[in-house]
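Dropping model_23.txt in here (compact mmCIF, C-alpha atoms):
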# COMPACT_ATOMS: atom_id res chain seq x y z
CA MET A 167 -184.55 98.64 72.62
CA THR A 168 -182.09 100.29 75.02
CA GLU A 169 -179.43 98.56 77.05
CA THR A 170 -181.49 99.13 80.20
CA GLU A 171 -184.40 97.10 78.85
CA PRO A 172 -184.44 93.39 79.70
CA LEU A 173 -183.08 90.95 77.17
CA ARG A 174 -185.91 88.66 76.12
CA VAL A 175 -184.64 85.21 75.23
CA VAL A 176 -186.89 82.49 73.80
CA LEU A 177 -185.40 78.99 73.96
CA ALA A 178 -186.78 76.17 71.82
CA GLY A 179 -186.39 72.44 72.30
CA GLY A 180 -188.01 69.47 73.91
CA GLY A 181 -189.19 65.92 73.67
CA THR A 182 -186.41 64.31 75.68
CA ALA A 183 -184.23 65.25 78.61
CA GLY A 184 -181.33 65.41 76.13
CA HIS A 185 -182.92 68.54 74.66
CA VAL A 186 -184.55 70.01 77.74
CA SER A 187 -181.57 69.80 80.12
CA PRO A 188 -179.12 71.90 78.06
CA MET A 189 -181.88 74.39 77.30
CA LEU A 190 -182.49 74.90 81.01
CA ALA A 191 -178.76 75.08 81.72
CA ILE A 192 -178.30 77.87 79.17
CA ALA A 193 -181.23 79.82 80.61
CA ARG A 194 -179.88 79.54 84.15
CA ALA A 195 -176.42 80.65 83.02
CA LEU A 196 -177.90 83.73 81.34
CA GLN A 197 -179.65 84.65 84.56
CA ASP A 198 -176.48 84.02 86.55
CA LEU A 199 -174.41 86.27 84.31
CA HIS A 200 -176.89 89.14 84.60
CA PRO A 201 -179.27 90.25 87.32
CA ALA A 202 -182.59 88.40 87.03
CA GLU A 203 -184.48 91.54 86.05
CA SER A 204 -182.24 92.15 82.99
CA VAL A 205 -182.72 88.75 81.29
CA ARG A 206 -186.11 87.12 80.79
CA CYS A 207 -186.08 83.55 79.48
CA THR A 208 -189.10 81.61 78.28
CA MET A 209 -189.28 78.23 76.55
CA VAL A 210 -191.14 76.78 73.57
CA GLY A 211 -191.99 73.08 73.45
CA THR A 212 -194.85 70.74 72.64
CA THR A 213 -197.59 69.32 74.83
CA THR A 214 -196.20 65.78 74.69
CA GLY A 215 -192.55 66.02 75.72
CA LEU A 216 -190.71 66.05 79.04
CA GLU A 217 -190.58 69.83 78.83
CA THR A 218 -194.18 70.00 80.06
CA ARG A 219 -192.91 68.77 83.44
CA LEU A 220 -189.28 69.87 83.57
CA VAL A 221 -189.61 73.47 82.39
CA PRO A 222 -192.28 74.62 84.90
CA ALA A 223 -190.48 72.68 87.64
CA ALA A 224 -187.37 74.74 86.88
CA GLY A 225 -189.34 77.96 87.25
CA PHE A 226 -189.64 78.98 83.59
CA GLU A 227 -192.73 79.68 81.52
CA LEU A 228 -193.50 77.26 78.68
CA ASP A 229 -195.37 78.05 75.47
CA THR A 230 -196.39 75.15 73.24
CA ILE A 231 -196.84 74.61 69.52
CA ASP A 232 -197.94 71.61 67.48
CA ARG A 233 -195.48 68.76 67.15
CA VAL A 234 -194.28 68.44 63.53
CA PRO A 235 -192.33 65.21 62.99
CA MET A 236 -190.18 65.10 59.87
CA PRO A 237 -191.01 61.85 58.02
CA ARG A 238 -187.98 60.06 56.59
CA ARG A 239 -190.02 57.81 54.28
CA PRO A 240 -192.96 58.45 51.93
CA THR A 241 -196.08 58.25 54.14
CA MET A 242 -199.26 60.24 54.66
CA ASP A 243 -197.35 62.25 57.27
CA LEU A 244 -195.14 63.50 54.46
CA VAL A 245 -198.21 64.61 52.50
CA ARG A 246 -199.53 66.45 55.55
CA LEU A 247 -196.17 68.01 56.41
CA PRO A 248 -196.54 71.37 54.57
CA VAL A 249 -199.86 72.19 56.23
CA ARG A 250 -198.65 71.10 59.67
CA LEU A 251 -195.41 73.02 59.33
CA ARG A 252 -197.14 76.23 58.22
CA ARG A 253 -199.50 76.01 61.19
CA ALA A 254 -196.64 75.43 63.62
CA VAL A 255 -194.59 78.29 62.14
CA THR A 256 -197.59 80.58 62.57
CA GLN A 257 -197.95 79.46 66.19
CA ALA A 258 -194.22 79.99 66.81
CA GLY A 259 -194.31 83.44 65.24
CA ALA A 260 -197.19 84.50 67.46
CA ILE A 261 -195.21 83.37 70.52
CA LEU A 262 -192.06 85.25 69.46
CA GLU A 263 -194.08 88.42 68.94
CA ARG A 264 -196.00 88.09 72.19
CA ARG A 265 -192.79 87.44 74.12
CA GLY A 266 -190.97 90.27 72.33
CA ALA A 267 -188.07 87.94 71.54
CA ASP A 268 -184.69 89.67 71.08
CA VAL A 269 -182.86 86.40 70.41
CA VAL A 270 -183.88 82.77 69.89
CA VAL A 271 -181.86 79.83 71.20
CA GLY A 272 -182.53 76.36 69.80
CA VAL A 273 -181.27 72.96 70.88
CA GLY A 274 -183.00 70.84 68.23
CA GLY A 275 -185.92 68.44 68.25
CA TYR A 276 -189.32 68.54 66.56
CA VAL A 277 -190.27 71.88 68.07
CA SER A 278 -187.20 73.75 66.83
CA THR A 279 -187.74 73.90 63.07
CA PRO A 280 -190.94 76.01 63.22
CA VAL A 281 -189.36 78.34 65.77
CA TYR A 282 -186.22 78.73 63.66
CA LEU A 283 -188.27 79.58 60.58
CA ALA A 284 -190.38 82.08 62.49
CA ALA A 285 -187.29 83.75 63.95
CA VAL A 286 -185.53 84.04 60.59
CA ARG A 287 -188.63 85.57 58.98
CA ARG A 288 -188.67 88.25 61.67
CA GLY A 289 -184.95 88.96 61.58
CA ILE A 290 -184.46 87.72 65.14
CA PRO A 291 -180.91 86.48 65.79
CA LEU A 292 -180.72 82.70 66.07
CA VAL A 293 -178.28 80.75 68.26
CA ILE A 294 -178.11 76.96 67.89
CA HIS A 295 -176.57 74.25 70.05
CA GLU A 296 -176.22 70.71 68.68
CA ALA A 297 -175.72 67.99 71.28
CA ASN A 298 -174.95 64.94 69.14
CA VAL A 299 -172.05 63.95 66.94
CA ARG A 300 -174.51 63.49 64.08
CA ALA A 301 -176.54 66.69 63.86
CA GLY A 302 -180.31 66.44 63.76
CA LEU A 303 -182.39 67.66 60.84
CA ALA A 304 -183.75 70.73 62.63
CA ASN A 305 -180.29 72.00 63.50
CA ARG A 306 -178.88 71.20 60.06
CA LEU A 307 -181.59 73.41 58.59
CA GLY A 308 -181.35 76.14 61.22
CA ALA A 309 -177.57 76.36 61.10
CA ARG A 310 -177.74 77.78 57.57
CA ARG A 311 -179.28 81.02 58.88
CA ALA A 312 -178.03 81.11 62.47
CA ALA A 313 -175.88 83.89 63.88
CA VAL A 314 -174.07 81.39 66.11
CA VAL A 315 -173.75 77.63 65.83
CA ALA A 316 -172.23 75.65 68.70
CA THR A 317 -171.69 71.93 69.21
CA ALA A 318 -171.02 69.55 72.06
CA PHE A 319 -168.59 67.39 70.06
CA PRO A 320 -165.68 68.71 67.96
CA GLU A 321 -166.39 66.27 65.12
CA THR A 322 -169.99 67.41 64.54
CA ALA A 323 -170.28 68.58 60.93
CA LEU A 324 -172.11 71.92 60.90
CA ALA A 325 -170.79 74.82 58.84
CA GLY A 326 -169.29 77.60 60.92
CA ALA A 327 -169.77 75.73 64.21
CA ARG A 328 -167.56 76.00 67.24
CA CYS A 329 -167.28 73.28 69.87
CA VAL A 330 -168.26 74.46 73.35
CA GLY A 331 -169.19 71.21 75.10
CA MET A 332 -172.53 70.31 76.65
CA PRO A 333 -174.39 72.79 78.89
CA MET A 334 -175.36 70.94 82.05
CA ARG A 335 -176.79 71.53 85.50
CA ARG A 336 -174.42 73.29 87.88
CA GLU A 337 -174.97 70.59 90.50
CA ILE A 338 -173.23 68.19 88.08
CA SER A 339 -170.60 70.45 86.51
CA THR A 340 -169.29 71.49 89.95
CA LEU A 341 -169.52 68.03 91.54
CA ASP A 342 -166.51 66.87 93.57
CA ARG A 343 -167.18 63.11 93.59
CA PRO A 344 -164.71 62.09 96.32
CA ALA A 345 -165.90 64.83 98.64
CA ALA A 346 -169.58 64.06 98.04
CA ARG A 347 -169.37 60.25 98.04
CA GLY A 348 -170.16 59.54 101.68
CA ARG A 349 -172.99 62.05 101.86
CA ALA A 350 -174.54 60.72 98.64
CA ARG A 351 -174.37 57.09 99.75
CA ARG A 352 -175.97 57.92 103.07
CA ALA A 353 -178.76 59.83 101.35
CA LEU A 354 -179.44 56.87 99.04
CA GLY A 355 -179.38 54.30 101.85
CA LEU A 356 -176.17 52.67 100.61
CA ASP A 357 -173.23 51.16 102.44
CA GLU A 358 -170.59 53.90 102.56
CA SER A 359 -167.66 51.49 102.30
CA ALA A 360 -168.82 49.10 99.55
CA THR A 361 -167.65 49.29 95.93
CA THR A 362 -170.72 50.63 94.16
CA VAL A 363 -172.02 50.11 90.64
CA VAL A 364 -174.86 52.35 89.42
CA VAL A 365 -177.03 51.07 86.56
CA THR A 366 -179.38 53.37 84.68
CA GLY A 367 -181.19 53.24 81.37
CA GLY A 368 -182.33 56.85 81.54
CA SER A 369 -185.65 58.34 82.59
CA SER A 370 -187.64 55.73 80.66
CA GLY A 371 -185.51 52.78 81.72
CA ALA A 372 -183.96 50.11 79.53
CA LEU A 373 -185.55 46.68 79.31
CA ASN A 374 -182.47 44.68 78.34
CA LEU A 375 -180.27 46.36 80.93
CA ASN A 376 -182.83 45.56 83.61
CA ARG A 377 -183.10 41.92 82.55
CA ALA A 378 -179.35 41.45 82.45
CA ILE A 379 -178.82 42.97 85.89
CA ALA A 380 -181.65 40.87 87.34
CA GLY A 381 -180.02 37.73 85.95
CA ALA A 382 -176.61 38.72 87.33
CA LEU A 383 -177.71 39.55 90.88
CA PRO A 384 -176.28 36.35 92.43
CA ALA A 385 -172.88 36.92 90.81
CA LEU A 386 -172.84 40.59 91.80
CA ALA A 387 -173.69 39.70 95.39
CA THR A 388 -171.03 36.97 95.52
CA ALA A 389 -168.46 39.50 94.29
CA GLY A 390 -169.42 41.82 97.16
CA LEU A 391 -170.52 44.61 94.88
CA GLN A 392 -173.21 47.08 95.87
CA VAL A 393 -175.63 47.94 93.06
CA LEU A 394 -177.89 50.96 92.80
CA HIS A 395 -180.27 50.17 89.94
CA LEU A 396 -182.40 52.97 88.47
CA THR A 397 -184.93 50.86 86.61
CA GLY A 398 -187.11 53.54 85.02
CA ARG A 399 -190.64 54.48 85.91
CA ASP A 400 -192.97 51.49 86.37
CA LYS A 401 -190.14 49.10 85.50
CA GLN A 402 -189.29 47.43 88.79
CA VAL A 403 -187.18 44.30 88.77
CA LEU A 404 -189.28 41.69 90.59
CA GLY A 405 -188.15 38.75 92.64
CA PRO A 406 -189.74 35.25 92.66
CA ASP A 407 -192.36 36.42 95.15
CA GLY A 408 -193.55 39.21 92.83
CA ALA A 409 -192.14 41.93 95.06
CA ALA A 410 -189.27 44.23 94.16
CA ALA A 411 -186.13 42.15 93.92
CA THR A 412 -183.62 42.44 96.72
CA SER A 413 -180.38 40.68 97.50
CA GLY A 414 -177.20 41.46 99.35
CA GLY A 415 -176.12 44.93 98.31
CA TYR A 416 -178.81 45.39 95.64
CA HIS A 417 -180.94 48.55 95.81
CA GLN A 418 -183.40 49.71 93.20
CA LEU A 419 -185.23 52.95 92.52
CA GLU A 420 -187.50 53.68 89.59
CA TYR A 421 -186.17 57.21 89.17
CA LEU A 422 -183.83 59.64 90.85
CA ASP A 423 -184.22 63.41 90.72
CA GLY A 424 -180.68 64.72 90.86
CA MET A 425 -178.30 62.34 89.09
CA GLU A 426 -175.40 64.06 90.81
CA GLN A 427 -176.16 61.87 93.83
CA ALA A 428 -175.81 58.71 91.78
CA TYR A 429 -172.63 59.99 90.14
CA ALA A 430 -171.13 60.79 93.54
CA ALA A 431 -172.09 57.42 94.98
CA ALA A 432 -170.76 55.35 92.08
CA ASP A 433 -167.36 53.81 91.53
CA LEU A 434 -168.57 52.61 88.11
CA ILE A 435 -171.72 53.31 86.11
CA VAL A 436 -173.59 51.35 83.45
CA ALA A 437 -175.60 53.69 81.23
CA ARG A 438 -176.88 54.47 77.78
CA ALA A 439 -174.76 56.80 75.64
CA GLY A 440 -176.95 59.84 75.20
CA SER A 441 -174.90 62.96 74.59
CA GLY A 442 -175.84 64.52 77.91
CA THR A 443 -174.84 61.41 79.82
CA VAL A 444 -171.51 61.07 78.02
CA HIS A 445 -170.56 64.68 78.74
CA GLU A 446 -171.72 64.53 82.36
CA LEU A 447 -169.63 61.40 82.99
CA ALA A 448 -166.59 63.15 81.55
CA ALA A 449 -167.24 66.28 83.59
CA VAL A 450 -167.39 64.34 86.86
CA GLY A 451 -164.70 61.80 85.91
CA LEU A 452 -166.83 58.71 86.40
CA PRO A 453 -165.70 55.40 84.78
CA ALA A 454 -168.46 53.93 82.63
CA VAL A 455 -169.74 50.94 80.74
CA LEU A 456 -171.82 52.44 77.96
CA VAL A 457 -174.55 50.42 76.24
CA PRO A 458 -175.70 52.48 73.23
CA LEU A 459 -179.35 52.24 72.26
CA PRO A 460 -179.68 49.75 69.42
CA VAL A 461 -182.32 51.81 67.61
CA GLY A 462 -182.24 55.08 65.73
CA ASN A 463 -179.42 56.25 63.48
CA GLY A 464 -176.57 54.96 65.62
CA GLU A 465 -175.94 58.35 67.21
CA GLN A 466 -175.35 56.94 70.69
CA ALA A 467 -172.47 54.75 69.52
CA LEU A 468 -170.96 57.86 67.90
CA ASN A 469 -171.47 59.87 71.08
CA ALA A 470 -169.53 57.29 73.09
CA ARG A 471 -166.59 57.01 70.72
CA GLY A 472 -164.44 59.84 72.06
CA LEU A 473 -164.79 58.86 75.71
CA VAL A 474 -163.97 55.25 74.89
CA ALA A 475 -160.94 56.23 72.78
CA ALA A 476 -159.65 58.36 75.66
CA GLY A 477 -159.88 55.40 78.03
CA GLY A 478 -162.67 56.75 80.21
CA ALA A 479 -165.30 54.19 79.22
CA LEU A 480 -165.91 50.98 77.37
CA THR A 481 -168.88 50.05 75.23
CA VAL A 482 -170.88 46.87 74.79
CA ARG A 483 -173.66 46.25 72.31
CA ASP A 484 -177.14 46.03 73.79
CA GLU A 485 -177.62 42.40 72.74
CA ALA A 486 -174.22 41.48 74.21
CA PHE A 487 -174.99 42.97 77.62
CA THR A 488 -176.00 39.72 79.33
CA PRO A 489 -175.57 38.18 82.78
CA GLU A 490 -172.64 36.23 81.34
CA TRP A 491 -170.96 39.41 80.09
CA ILE A 492 -171.51 41.04 83.45
CA GLY A 493 -169.78 38.13 85.16
CA ARG A 494 -166.93 37.98 82.67
CA GLU A 495 -166.26 41.71 82.12
CA LEU A 496 -168.14 44.09 84.40
CA ILE A 497 -167.46 42.43 87.75
CA PRO A 498 -163.67 42.20 87.23
CA LEU A 499 -163.63 45.84 86.11
CA ALA A 500 -165.60 47.02 89.14
CA LEU A 501 -163.16 45.20 91.45
CA ASP A 502 -160.06 46.64 89.76
CA GLY A 503 -159.39 49.83 91.68
CA ASP A 504 -156.30 50.79 89.67
CA ARG A 505 -158.15 50.49 86.37
CA LEU A 506 -161.09 52.52 87.69
CA ARG A 507 -158.77 55.29 88.85
CA SER A 508 -157.09 55.35 85.44
CA MET A 509 -160.47 55.52 83.68
CA SER A 510 -161.62 58.29 86.01
CA ALA A 511 -158.57 60.40 85.21
CA ALA A 512 -158.98 59.78 81.47
CA ALA A 513 -162.65 60.77 81.55
CA GLY A 514 -161.93 63.88 83.57
CA ARG A 515 -159.37 65.11 81.05
CA LEU A 516 -162.16 65.28 78.46
CA GLY A 517 -164.63 67.00 80.77
CA VAL A 518 -165.95 70.46 79.86
CA ARG A 519 -167.66 72.11 82.78
CA ASP A 520 -168.37 75.65 81.59
CA ALA A 521 -170.40 75.11 78.39
CA ASP A 522 -173.44 76.75 79.94
CA ARG A 523 -171.46 79.94 80.55
CA THR A 524 -169.95 79.85 77.08
CA MET A 525 -173.38 79.49 75.49
CA ALA A 526 -174.78 82.32 77.59
CA ARG A 527 -172.01 84.62 76.41
CA LEU A 528 -172.64 83.62 72.78
CA VAL A 529 -176.33 84.46 73.22
CA LEU A 530 -175.43 87.89 74.58
CA GLN A 531 -173.05 88.40 71.66
CA ALA A 532 -175.71 87.46 69.09
CA ALA A 533 -178.18 89.82 70.75
CA GLY A 534 -175.68 92.68 70.72
CA ARG A 535 -175.58 92.90 74.50
CA PRO A 536 -172.42 93.70 76.48
CA GLN A 537 -170.56 90.85 78.07
CA PRO A 538 -170.36 90.86 81.88
CA THR A 539 -166.91 91.78 83.14
CA SER A 540 -166.94 88.95 85.67
CA ASP A 541 -168.82 85.75 86.43
CA PRO A 542 -170.70 86.25 89.70
CA SER A 543 -170.69 82.55 90.51
CA GLY A 544 -167.01 82.07 89.81
CA ASP A 545 -165.09 79.96 87.33
CA HIS A 546 -165.77 76.24 87.54
CA GLN A 547 -163.54 74.88 84.82

Show me, as structure tokens, the structure contained in the file I just sent.
Amino acid sequence: MTETEPLRVVLAGGGTAGHVSPMLAIARALQDLHPAESVRCTMVGTTTGLETRLVPAAGFELDTIDRVPMPRRPTMDLVRLPVRLRRAVTQAGAILERRGADVVVGVGGYVSTPVYLAAVRRGIPLVIHEANVRAGLANRLGARRAAVVATAFPETALAGARCVGMPMRREISTLDRPAARGRARRALGLDESATTVVVTGGSSGALNLNRAIAGALPALATAGLQVLHLTGRDKQVLGPDGAAATSGGYHQLEYLDGMEQAYAAADLIVARAGSGTVHELAAVGLPAVLVPLPVGNGEQALNARGLVAAGGALTVRDEAFTPEWIGRELIPLALDGDRLRSMSAAAGRLGVRDADRTMARLVLQAAGRPQPTSDPSGDHQ
């Protein structure tokens, strides 16, 4: 391959937005750093994850392989694992050869392990990004043979890793919340002058968050707070008449494409503590009440820890997030402008807004390609 030939990058990851979003951000940054014709990015996912919708919508081609979950307890899935994994590695290898991959970038998830194994067998350089404080199994395995290992959190334990932050969409990393606030509130049909609380449980919603907010609507209205509630698809909060609940200052949407609008509109946000969310809130300097998911291996509570310690957020357990807690803790916080400004400044000091560019440069380095002398879109630290 000569330097005039395009760099062919295959990116692997999927299942959730937490994997797909940084993968897309890295691909866009690669294309921004080089003319489009000199970098060709394609993605590998499964047929069941969000990547089937998000990757084509972003303008990238998606190849799929079989989903190979890694059982953590003795089950029949564990017995079937070797056969499933071999098949998926074969599928991944065929994709890497067909795409002529010069470098593979992985962000974890079920799809990544077969792609990592196929890349290593072919001597293709491997670059890994780990989003969570507690690294996932795929990235723990892949990091042993990777040319570059990067993490979103400094405390993530992966040998040889460097912390770069979380690659995110440019619309978020460059967001000026004060400048965009009025425009965002108008676009969302909100009162431009009202103190605004955004509540979101992520793309799939959060049942307990929705119930608690529904129960606290009278208190929120009495306090004069405006609420934008992103309930999740098919998870409307209903009023006594069976229609979507409404009250003074309460607005609900099932889903919002472009969370930068919600971030700009909000004075305070209530959200889960996925790694992507935590880093985006820091990047835009948005005060937060984080309600970590109560399931899994506790990774969301770990993700939130640094932002909370810095003073940019507070956490509450899922079972403790009740209408009573909202009245006792959230409403006074939302009405305390000085405290919100202090939290915003604290969050912003942790924000990393150029992780996509850093990852793109690491990919070029692993592939043996020259670094661009300048960033055509400018520095957005």

Enumerate, in order of chain and increasing residue number, the residues of segment 403-521 of chain A with an atom no farther than 12 Å from segment 337-344 of chain A, each with its shortest atom pair and distance in Å to one decimal, counting all atoms listed in the file, as CSV.
residue,atom,partner,partner_atom,distance
A:Asp423,CA,A:Glu337,CA,11.7
A:Gly424,CA,A:Glu337,CA,8.2
A:Met425,CA,A:Ile338,CA,7.8
A:Glu426,CA,A:Ile338,CA,5.4
A:Gln427,CA,A:Ile338,CA,9.0
A:Ala428,CA,A:Arg343,CA,9.9
A:Tyr429,CA,A:Arg343,CA,7.2
A:Ala430,CA,A:Arg343,CA,4.6
A:Ala431,CA,A:Arg343,CA,7.6
A:Ala432,CA,A:Arg343,CA,8.7
A:Asp433,CA,A:Arg343,CA,9.5
A:Leu434,CA,A:Arg343,CA,11.9
A:Gly442,CA,A:Ile338,CA,11.1
A:Thr443,CA,A:Ile338,CA,10.8
A:His445,CA,A:Ser339,CA,9.7
A:Glu446,CA,A:Ile338,CA,7.0
A:Leu447,CA,A:Ile338,CA,9.2
A:Ala448,CA,A:Ser339,CA,9.7
A:Ala449,CA,A:Ser339,CA,6.1
A:Val450,CA,A:Leu341,CA,6.3
A:Gly451,CA,A:Arg343,CA,8.2
A:Leu452,CA,A:Arg343,CA,8.4
A:Pro453,CA,A:Arg343,CA,11.8
A:Arg507,CA,A:Pro344,CA,11.7
A:Ser510,CA,A:Arg343,CA,10.6
A:Gly514,CA,A:Ser339,CA,11.3
A:Gly517,CA,A:Ser339,CA,9.0
A:Val518,CA,A:Ser339,CA,8.1
A:Arg519,CA,A:Ser339,CA,5.0
A:Asp520,CA,A:Ser339,CA,7.5
A:Ala521,CA,A:Ser339,CA,9.4

Query raised in the report: Which residues, written as number ranges by chain, have at least one atom at most 12 Å from Ala486 of chain A, with all atoms listed in the file counted and residues fewer than 3 positions away on the same chain left out?
Result: A: 374-375, 378, 456-458, 460, 481-483, 489-492, 494-495

Query raised in the report: Counting only C-alpha atoms, what is within 6 Å of segment 202-211 of chain A, bar same-chain residues fewer than 6 positions away, as a VMD selection string?
Result: chain A and resid 172 to 180 226 to 230 277

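Between atom CA of Gly184 of chain A and atom CA of Gly355 of chain A lies a distance of 28.1 Å.
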
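Counting only C-alpha atoms, the residue from A:Pro333, A:Pro498, A:Gly275, A:Pro222 that sits nearest to Arg523 of chain A is A:Pro333.
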
Requested in this report: Write out as a ChimeraX atom specification the residues lying within 8 Å of Leu419 of chain A, counting only C-alpha atoms and excluding same-chain residues fewer than 2 positions away.
Outcome: /A:394-398,402,417,421-422

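Take atom CA of Ser359 of chain A and atom CA of Val444 of chain A: the distance between them is 26.4 Å.
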
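Here atom CA of Leu391 of chain A is placed at a distance of 8.6 Å from atom CA of Gly414 of chain A.
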
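Nearest to Ala385 of chain A of all the residues A:Gly367, A:Pro538, A:Gly272, A:Gly493 is A:Gly493, counting only C-alpha atoms.
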
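Nearest-residue note for Met332 of chain A: choosing from A:Arg311, A:His185, A:Arg300, A:Arg349, the minimum distance belongs to A:His185, counting only C-alpha atoms.
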
Which residues are near segment 287-295 of chain A? Cut-off 6 Å, only C-alpha atoms, ignore same chain within fewer than 3 positions. Put them as a PDB file with C-alpha atoms, keeping the file's coordinate frame.
ATOM      1  CA  VAL A 269    -182.860  86.400  70.410  1.00  0.00           C
ATOM      2  CA  VAL A 270    -183.880  82.770  69.890  1.00  0.00           C
ATOM      3  CA  VAL A 271    -181.860  79.830  71.200  1.00  0.00           C
ATOM      4  CA  GLY A 272    -182.530  76.360  69.800  1.00  0.00           C
ATOM      5  CA  VAL A 273    -181.270  72.960  70.880  1.00  0.00           C
ATOM      6  CA  ALA A 284    -190.380  82.080  62.490  1.00  0.00           C
ATOM      7  CA  ALA A 312    -178.030  81.110  62.470  1.00  0.00           C
ATOM      8  CA  ALA A 313    -175.880  83.890  63.880  1.00  0.00           C
ATOM      9  CA  VAL A 314    -174.070  81.390  66.110  1.00  0.00           C
ATOM     10  CA  VAL A 315    -173.750  77.630  65.830  1.00  0.00           C
ATOM     11  CA  ALA A 316    -172.230  75.650  68.700  1.00  0.00           C
ATOM     12  CA  THR A 317    -171.690  71.930  69.210  1.00  0.00           C
TER      13      THR A 317
END

Report task. Return the single residue from A:Gly302, A:Pro188, A:Gly181, A:Pro320 that is closest to Arg335 of chain A, with distances computed using only C-alpha atoms. Result -> A:Pro188

Once you count only C-alpha atoms, what closest atom pair and distance in Å to one decimal does each residue of segment 506-538 of chain A within 9 Å of segment 468-477 of chain A have, with rows by chain and rising residue number, as a Markdown table?
| residue | atom | partner | partner_atom | distance |
| --- | --- | --- | --- | --- |
| A:Ser508 | CA | A:Gly477 | CA | 7.9 |
| A:Met509 | CA | A:Gly477 | CA | 5.7 |
| A:Ser510 | CA | A:Gly477 | CA | 8.7 |
| A:Ala511 | CA | A:Gly477 | CA | 8.8 |
| A:Ala512 | CA | A:Gly477 | CA | 5.6 |
| A:Ala513 | CA | A:Leu473 | CA | 6.5 |
| A:Arg515 | CA | A:Ala476 | CA | 8.6 |
| A:Leu516 | CA | A:Leu473 | CA | 7.5 |

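Counting only C-alpha atoms, the residue from A:Leu530, A:Ala318, A:Ala224, A:Ile379 that sits nearest to Val330 of chain A is A:Ala318.
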
Requested in this report: Give me the residues within 12 Å of Ala260 of chain A as number ranges by chain, counting only C-alpha atoms and dropping any in the same chain fewer than 4 places off.
Outcome: A: 210, 229-231, 253-256, 264-267, 280-281, 284-285, 288

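Using all atoms listed in the file, the shortest contact distance between Ala533 of chain A and any of A:Ala467, A:Tyr276, A:Asp268, A:Asp232 is found at A:Asp268.
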
Could the centre and edge lengths of an axis-aligned box, enclosing all atoms of segment 284-291 of chain A in the file with 3 Å extra on each side, be given in Å to one decimal as AutoDock Vina command-line options?
--center_x -185.6 --center_y 85.5 --center_z 62.4 --size_x 15.5 --size_y 12.9 --size_z 12.8
